[in-house]
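To start, the structure under review is shown below, and the notes come after it.
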Amino acid sequence: MKNILSYRGVKPNIDSSAFVASTALLSGDVKIGKNSGIWYGCVLRGDVTNITVGDNTNIQDNCVLHGTRPNHAQNKTGAAGSPVVIGNNVTIGHGAIIHACTIEDNSFIGMGSIIMDMARVEEFGMLAAGAVLTPGKVVKSGQIWAGNPAKYFRDMTEVEKNYIKISADNYADLAREYKESEAGQK
């Protein structure tokens, strides 16, 4: 049984082609795009602001996604707060914490990494496994950042850039397979 919960009358909006694992929890203002996968143990809590996950994106096991409330004094979030915005063809590795940030299309977020408030990973950016991207930092397109706190490491190779799409497609195929298998078990 999936944990898809309404919060203050707002229920997650999940595209019919997306796979949401049985032990994932989605609450409130959460939108999941086409052919995306939300894997086991993930928590996407859209209670203080919204969370948007694009198409063909995978949020792997045990990730946590949450935003920052409107008019947050320390983060100066303004009336909309600081939502979580994740683009298309994004891979987010196991156990990542994604908080109040933007991850653009075709990005790769390594396992166990943390992205903090109002940080951004631009298209074809990569955050290495275990890295901590501190508030407001920007991983520029084509760069790899690593460490704690995360810093520029090097530019990505074309092979690495191409792998981002391969990873997203592989996970979309796997999500489709799981969704079909789940439907057959009912």
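Residues are named by chain letter and number: chains run A, B, ... in the order of the structure tokens, numbers start at 1 in each chain, and ligands are numbered from 1 in the order shown.
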
>> Need to verify the contact set: A:Phe124, 10 Å, only C-alpha atoms, exclusion of same-chain residues closer than 6 positions in sequence. Can you return it as a PyMOL selection string?
In response: chain A and resi 89-90+103-108+139-144+156+160-162+164-165

Could those residues be written to a file, using all heavy atoms, as a short mmCIF file (atom, residue, chain, number, x, y, z; two decimals), in the first residue's frame?
```
data_model
loop_
_atom_site.label_atom_id
_atom_site.label_comp_id
_atom_site.auth_asym_id
_atom_site.auth_seq_id
_atom_site.Cartn_x
_atom_site.Cartn_y
_atom_site.Cartn_z
N ASN A 89 14.89 13.98 -16.78
CA ASN A 89 16.09 13.15 -16.99
C ASN A 89 17.14 13.34 -15.90
O ASN A 89 18.33 13.34 -16.16
CB ASN A 89 16.72 13.43 -18.36
CG ASN A 89 15.75 13.19 -19.48
OD1 ASN A 89 15.13 12.13 -19.56
ND2 ASN A 89 15.59 14.19 -20.33
N VAL A 90 16.68 13.47 -14.67
CA VAL A 90 17.57 13.65 -13.52
C VAL A 90 17.69 12.33 -12.78
O VAL A 90 16.71 11.62 -12.60
CB VAL A 90 17.03 14.75 -12.57
CG1 VAL A 90 17.85 14.84 -11.29
CG2 VAL A 90 17.01 16.10 -13.29
N ILE A 103 17.14 21.54 -9.19
CA ILE A 103 18.01 20.63 -9.93
C ILE A 103 17.49 20.62 -11.36
O ILE A 103 16.38 20.14 -11.63
CB ILE A 103 18.00 19.22 -9.32
CG1 ILE A 103 18.44 19.27 -7.86
CG2 ILE A 103 18.90 18.29 -10.14
CD1 ILE A 103 18.24 17.96 -7.10
N GLU A 104 18.26 21.18 -12.27
CA GLU A 104 17.80 21.34 -13.65
C GLU A 104 17.89 20.04 -14.44
O GLU A 104 18.49 19.05 -13.98
CB GLU A 104 18.60 22.45 -14.34
CG GLU A 104 18.35 23.82 -13.71
CD GLU A 104 19.13 24.94 -14.37
OE1 GLU A 104 19.83 24.71 -15.38
OE2 GLU A 104 19.03 26.09 -13.87
N ASP A 105 17.30 20.05 -15.65
CA ASP A 105 17.28 18.88 -16.53
C ASP A 105 18.67 18.27 -16.69
O ASP A 105 19.69 18.98 -16.70
CB ASP A 105 16.79 19.27 -17.93
CG ASP A 105 15.37 19.78 -17.97
OD1 ASP A 105 14.64 19.63 -16.97
OD2 ASP A 105 14.99 20.34 -19.02
N ASN A 106 18.68 16.94 -16.86
CA ASN A 106 19.90 16.20 -17.22
C ASN A 106 21.03 16.38 -16.21
O ASN A 106 22.20 16.49 -16.58
CB ASN A 106 20.38 16.61 -18.62
CG ASN A 106 19.30 16.42 -19.66
OD1 ASN A 106 18.81 15.32 -19.84
ND2 ASN A 106 18.91 17.50 -20.32
N SER A 107 20.67 16.38 -14.94
CA SER A 107 21.67 16.49 -13.87
C SER A 107 21.79 15.16 -13.15
O SER A 107 20.91 14.31 -13.24
CB SER A 107 21.27 17.57 -12.87
OG SER A 107 21.27 18.83 -13.50
N PHE A 108 22.88 15.01 -12.41
CA PHE A 108 23.15 13.77 -11.70
C PHE A 108 23.58 14.12 -10.27
O PHE A 108 24.53 14.87 -10.07
CB PHE A 108 24.28 13.00 -12.40
CG PHE A 108 24.46 11.60 -11.93
CD1 PHE A 108 23.89 10.54 -12.61
CD2 PHE A 108 25.20 11.33 -10.78
CE1 PHE A 108 24.07 9.23 -12.17
CE2 PHE A 108 25.37 10.04 -10.33
CZ PHE A 108 24.81 8.98 -11.03
N VAL A 139 26.10 24.75 -8.91
CA VAL A 139 26.93 23.87 -9.73
C VAL A 139 26.61 24.25 -11.18
O VAL A 139 25.49 24.06 -11.66
CB VAL A 139 26.60 22.38 -9.48
CG1 VAL A 139 27.39 21.50 -10.45
CG2 VAL A 139 26.88 22.00 -8.03
N LYS A 140 27.59 24.81 -11.86
CA LYS A 140 27.38 25.28 -13.22
C LYS A 140 27.28 24.11 -14.19
O LYS A 140 27.81 23.02 -13.94
CB LYS A 140 28.55 26.19 -13.66
CG LYS A 140 28.61 27.49 -12.90
CD LYS A 140 27.49 28.38 -13.31
CE LYS A 140 27.65 29.79 -12.76
NZ LYS A 140 26.51 30.61 -13.10
N SER A 141 26.64 24.35 -15.31
CA SER A 141 26.47 23.34 -16.35
C SER A 141 27.82 22.76 -16.76
O SER A 141 28.78 23.50 -16.99
CB SER A 141 25.79 23.97 -17.57
OG SER A 141 25.61 23.01 -18.57
N GLY A 142 27.88 21.43 -16.80
CA GLY A 142 29.10 20.75 -17.24
C GLY A 142 30.16 20.59 -16.16
O GLY A 142 31.26 20.14 -16.45
N GLN A 143 29.84 20.95 -14.92
CA GLN A 143 30.82 20.84 -13.83
C GLN A 143 30.47 19.70 -12.88
O GLN A 143 29.30 19.34 -12.72
CB GLN A 143 30.86 22.13 -13.01
CG GLN A 143 31.41 23.32 -13.75
CD GLN A 143 31.49 24.56 -12.87
OE1 GLN A 143 30.89 24.65 -11.80
NE2 GLN A 143 32.24 25.56 -13.34
N ILE A 144 31.51 19.16 -12.24
CA ILE A 144 31.35 18.23 -11.13
C ILE A 144 31.84 18.95 -9.88
O ILE A 144 32.93 19.53 -9.87
CB ILE A 144 32.19 16.95 -11.33
CG1 ILE A 144 31.76 16.20 -12.59
CG2 ILE A 144 32.08 16.03 -10.09
CD1 ILE A 144 32.65 15.01 -12.92
N MET A 156 33.03 18.04 -16.58
CA MET A 156 32.60 16.70 -16.98
C MET A 156 33.12 16.38 -18.37
O MET A 156 33.27 17.26 -19.21
CB MET A 156 31.07 16.61 -17.00
CG MET A 156 30.43 16.77 -15.64
SD MET A 156 28.63 16.77 -15.74
CE MET A 156 28.34 15.07 -16.19
N GLU A 160 30.71 11.29 -19.56
CA GLU A 160 29.93 11.49 -18.33
C GLU A 160 28.61 12.19 -18.61
O GLU A 160 27.56 11.81 -18.06
CB GLU A 160 30.75 12.28 -17.30
CG GLU A 160 31.88 11.47 -16.72
CD GLU A 160 32.92 12.30 -15.99
OE1 GLU A 160 33.09 13.50 -16.32
OE2 GLU A 160 33.56 11.75 -15.09
N LYS A 161 28.62 13.19 -19.47
CA LYS A 161 27.38 13.87 -19.84
C LYS A 161 26.41 12.90 -20.52
O LYS A 161 25.21 12.91 -20.22
CB LYS A 161 27.67 15.06 -20.77
CG LYS A 161 28.29 16.24 -20.06
CD LYS A 161 28.52 17.37 -21.07
CE LYS A 161 29.24 18.53 -20.44
NZ LYS A 161 29.52 19.59 -21.41
N ASN A 162 26.93 12.08 -21.42
CA ASN A 162 26.09 11.11 -22.11
C ASN A 162 25.51 10.08 -21.14
O ASN A 162 24.40 9.59 -21.33
CB ASN A 162 26.85 10.41 -23.23
CG ASN A 162 27.19 11.35 -24.37
OD1 ASN A 162 26.52 12.35 -24.58
ND2 ASN A 162 28.25 11.04 -25.10
N ILE A 164 24.46 10.51 -18.17
CA ILE A 164 23.30 11.03 -17.42
C ILE A 164 22.01 10.59 -18.09
O ILE A 164 21.08 10.11 -17.43
CB ILE A 164 23.38 12.57 -17.28
CG1 ILE A 164 24.51 12.94 -16.31
CG2 ILE A 164 22.05 13.14 -16.82
CD1 ILE A 164 24.78 14.43 -16.21
N LYS A 165 21.92 10.72 -19.41
CA LYS A 165 20.72 10.30 -20.14
C LYS A 165 20.56 8.79 -20.08
O LYS A 165 19.44 8.28 -19.91
CB LYS A 165 20.80 10.79 -21.59
CG LYS A 165 19.63 10.40 -22.44
CD LYS A 165 18.40 11.24 -22.15
CE LYS A 165 17.34 11.07 -23.22
NZ LYS A 165 16.18 10.33 -22.79
#
```

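Secondary structure from DSSP on the backbone puts alpha helix (DSSP H) at the following positions of chain A: Glu158, Val159, Glu160, Lys161, Asn162, Tyr163, Ile164, Lys165, Ile166, Ser167, Ala168, Asp169, Asn170, Tyr171, Ala172, Asp173, Leu174, Ala175, Arg176, Glu177, Tyr178, Lys179, Glu180, Ser181, Glu182, Ala183 and Gly184 of chain A.
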
> Looking at A:Leu5, A:Ile59, A:Cys42, A:Val132, which one is nearest to A:Tyr171, with distances taken over only C-alpha atoms?
Replying inline: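 Smallest separation from A:Tyr171 among the options: A:Ile59.
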
> Counting only C-alpha atoms, what is within 9 Å of A:Val53, bar same-chain residues fewer than 4 positions away, as a PyMOL selection string?
Replying inline: chain A and resi 30-33+36+57-59+84-88+90

File of the preceding selection, N, CA, C and O atoms, as a CSV table (one decimal), in the first residue's frame:
```
chain,number,residue,atom,x,y,z
A,30,VAL,N,2.8,17.8,-4.1
A,30,VAL,CA,3.9,17.1,-4.8
A,30,VAL,C,3.4,16.7,-6.2
A,30,VAL,O,2.3,16.2,-6.4
A,31,LYS,N,4.2,17.0,-7.2
A,31,LYS,CA,3.9,16.6,-8.6
A,31,LYS,C,5.0,15.7,-9.2
A,31,LYS,O,6.1,16.1,-9.1
A,32,ILE,N,4.6,14.6,-9.7
A,32,ILE,CA,5.5,13.6,-10.3
A,32,ILE,C,5.2,13.5,-11.8
A,32,ILE,O,4.1,13.2,-12.2
A,33,GLY,N,6.2,13.7,-12.6
A,33,GLY,CA,6.0,13.7,-14.1
A,33,GLY,C,6.0,12.3,-14.7
A,33,GLY,O,6.2,11.3,-14.0
A,36,SER,N,8.6,8.8,-14.5
A,36,SER,CA,9.5,9.0,-13.4
A,36,SER,C,9.4,7.9,-12.3
A,36,SER,O,8.3,7.2,-12.3
A,57,THR,N,12.6,11.0,-14.6
A,57,THR,CA,13.5,11.3,-13.5
A,57,THR,C,13.4,10.2,-12.4
A,57,THR,O,12.3,9.7,-12.2
A,58,ASN,N,14.5,9.9,-11.8
A,58,ASN,CA,14.5,8.9,-10.8
A,58,ASN,C,15.0,9.4,-9.4
A,58,ASN,O,16.0,10.0,-9.4
A,59,ILE,N,14.2,9.2,-8.4
A,59,ILE,CA,14.5,9.5,-7.0
A,59,ILE,C,14.7,8.2,-6.3
A,59,ILE,O,13.8,7.5,-6.0
A,84,VAL,N,11.1,22.7,-3.9
A,84,VAL,CA,12.0,21.8,-4.6
A,84,VAL,C,11.6,21.6,-6.0
A,84,VAL,O,10.4,21.3,-6.3
A,85,VAL,N,12.5,21.9,-7.0
A,85,VAL,CA,12.2,21.9,-8.4
A,85,VAL,C,13.2,21.0,-9.0
A,85,VAL,O,14.4,21.3,-9.0
A,86,ILE,N,12.7,19.8,-9.6
A,86,ILE,CA,13.6,18.9,-10.2
A,86,ILE,C,13.2,18.7,-11.6
A,86,ILE,O,12.0,18.4,-11.9
A,87,GLY,N,14.1,18.8,-12.6
A,87,GLY,CA,13.8,18.8,-14.0
A,87,GLY,C,13.6,17.4,-14.5
A,87,GLY,O,13.4,16.4,-13.8
A,88,ASN,N,13.8,17.3,-15.8
A,88,ASN,CA,13.6,16.0,-16.6
A,88,ASN,C,15.0,15.3,-16.7
A,88,ASN,O,16.0,15.9,-16.7
A,90,VAL,N,16.7,13.5,-14.7
A,90,VAL,CA,17.6,13.7,-13.5
A,90,VAL,C,17.7,12.3,-12.8
A,90,VAL,O,16.7,11.6,-12.6
```

> Between atom CA of A:Cys63 and atom CA of A:Lys34, what is the distance, to one decimal in Å?
Replying inline: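 Computed distance, atom CA of A:Cys63 to atom CA of A:Lys34, equals 19.2 Å.
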
>> Could you tell me how far atom CA of A:Gly125 sits from atom CA of A:Tyr163, in Å to one decimal place?
In response: 12.0 Å

>> Calculated over only C-alpha atoms, which of the candidates A:Gly46, A:Gly9, A:Gly41, A:Pro70 has the smallest distance to A:Leu25?
In response: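 Using only C-alpha atoms, the shortest distance to A:Leu25 belongs to A:Gly41.
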
>> Report, in Å with one decimal, the straight-line distance from atom CA of A:Thr23 to atom CA of A:Tyr40.
In response: 5.2 Å

>> I need the residue nearest A:Asn170 from this list: A:Gly37, A:Lys151, A:Leu133, A:Tyr7. Use only C-alpha atoms for the distance.
In response: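 The shortest atom-to-atom distance to A:Asn170 comes from A:Gly37.
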
>> Can you pull out every residue from chain A that DSSP, working from the backbone, puts in strand (DSSP E or B), and format the result as a ChimeraX atom specification?
In response: /A:3-5,7,10,13-14,19-20,25-32,37-38,43-53,58-59,64-66,68,82,84-86,91-92,97-99,102-103,108-109,114-115,120-121,126-127,132-133,138-139,143-146,151-155

> A:Val64, A:Met118, A:Val159, A:Val43: which is nearest A:Gly78, counting only C-alpha atoms?
Replying inline: A:Met118

So that I can check the surroundings of A:Gly147, please list as a short mmCIF file (atom, residue, chain, number, x, y, z; two decimals) with N, CA and C atoms, in the first residue's frame every protein, DNA and RNA residue that reaches within 9 Å of it, counting only C-alpha atoms and ignoring chain neighbours fewer than 6 positions away.
```cif
data_model
loop_
_atom_site.label_atom_id
_atom_site.label_comp_id
_atom_site.auth_asym_id
_atom_site.auth_seq_id
_atom_site.Cartn_x
_atom_site.Cartn_y
_atom_site.Cartn_z
N ALA A 128 28.88 15.03 -6.66
CA ALA A 128 29.47 13.73 -6.34
C ALA A 128 28.81 13.10 -5.12
N ALA A 129 28.94 11.80 -5.02
CA ALA A 129 28.42 11.06 -3.86
C ALA A 129 28.98 11.64 -2.57
N GLY A 130 28.11 11.81 -1.58
CA GLY A 130 28.53 12.29 -0.27
C GLY A 130 28.81 13.77 -0.17
N ALA A 131 28.65 14.51 -1.26
CA ALA A 131 28.93 15.95 -1.25
C ALA A 131 27.81 16.72 -0.54
N VAL A 132 28.17 17.88 0.01
CA VAL A 132 27.19 18.76 0.65
C VAL A 132 27.24 20.11 -0.05
N LEU A 133 26.18 20.40 -0.82
CA LEU A 133 26.07 21.67 -1.52
C LEU A 133 25.36 22.65 -0.59
N PHE A 153 35.19 20.60 -8.68
CA PHE A 153 36.18 19.53 -8.77
C PHE A 153 36.84 19.52 -10.14
#
```

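Comparing A:Ser82, A:Asn13, A:Asn148, A:Thr157 by their smallest distance to A:Gly28, the closest is A:Asn13 (using only C-alpha atoms).
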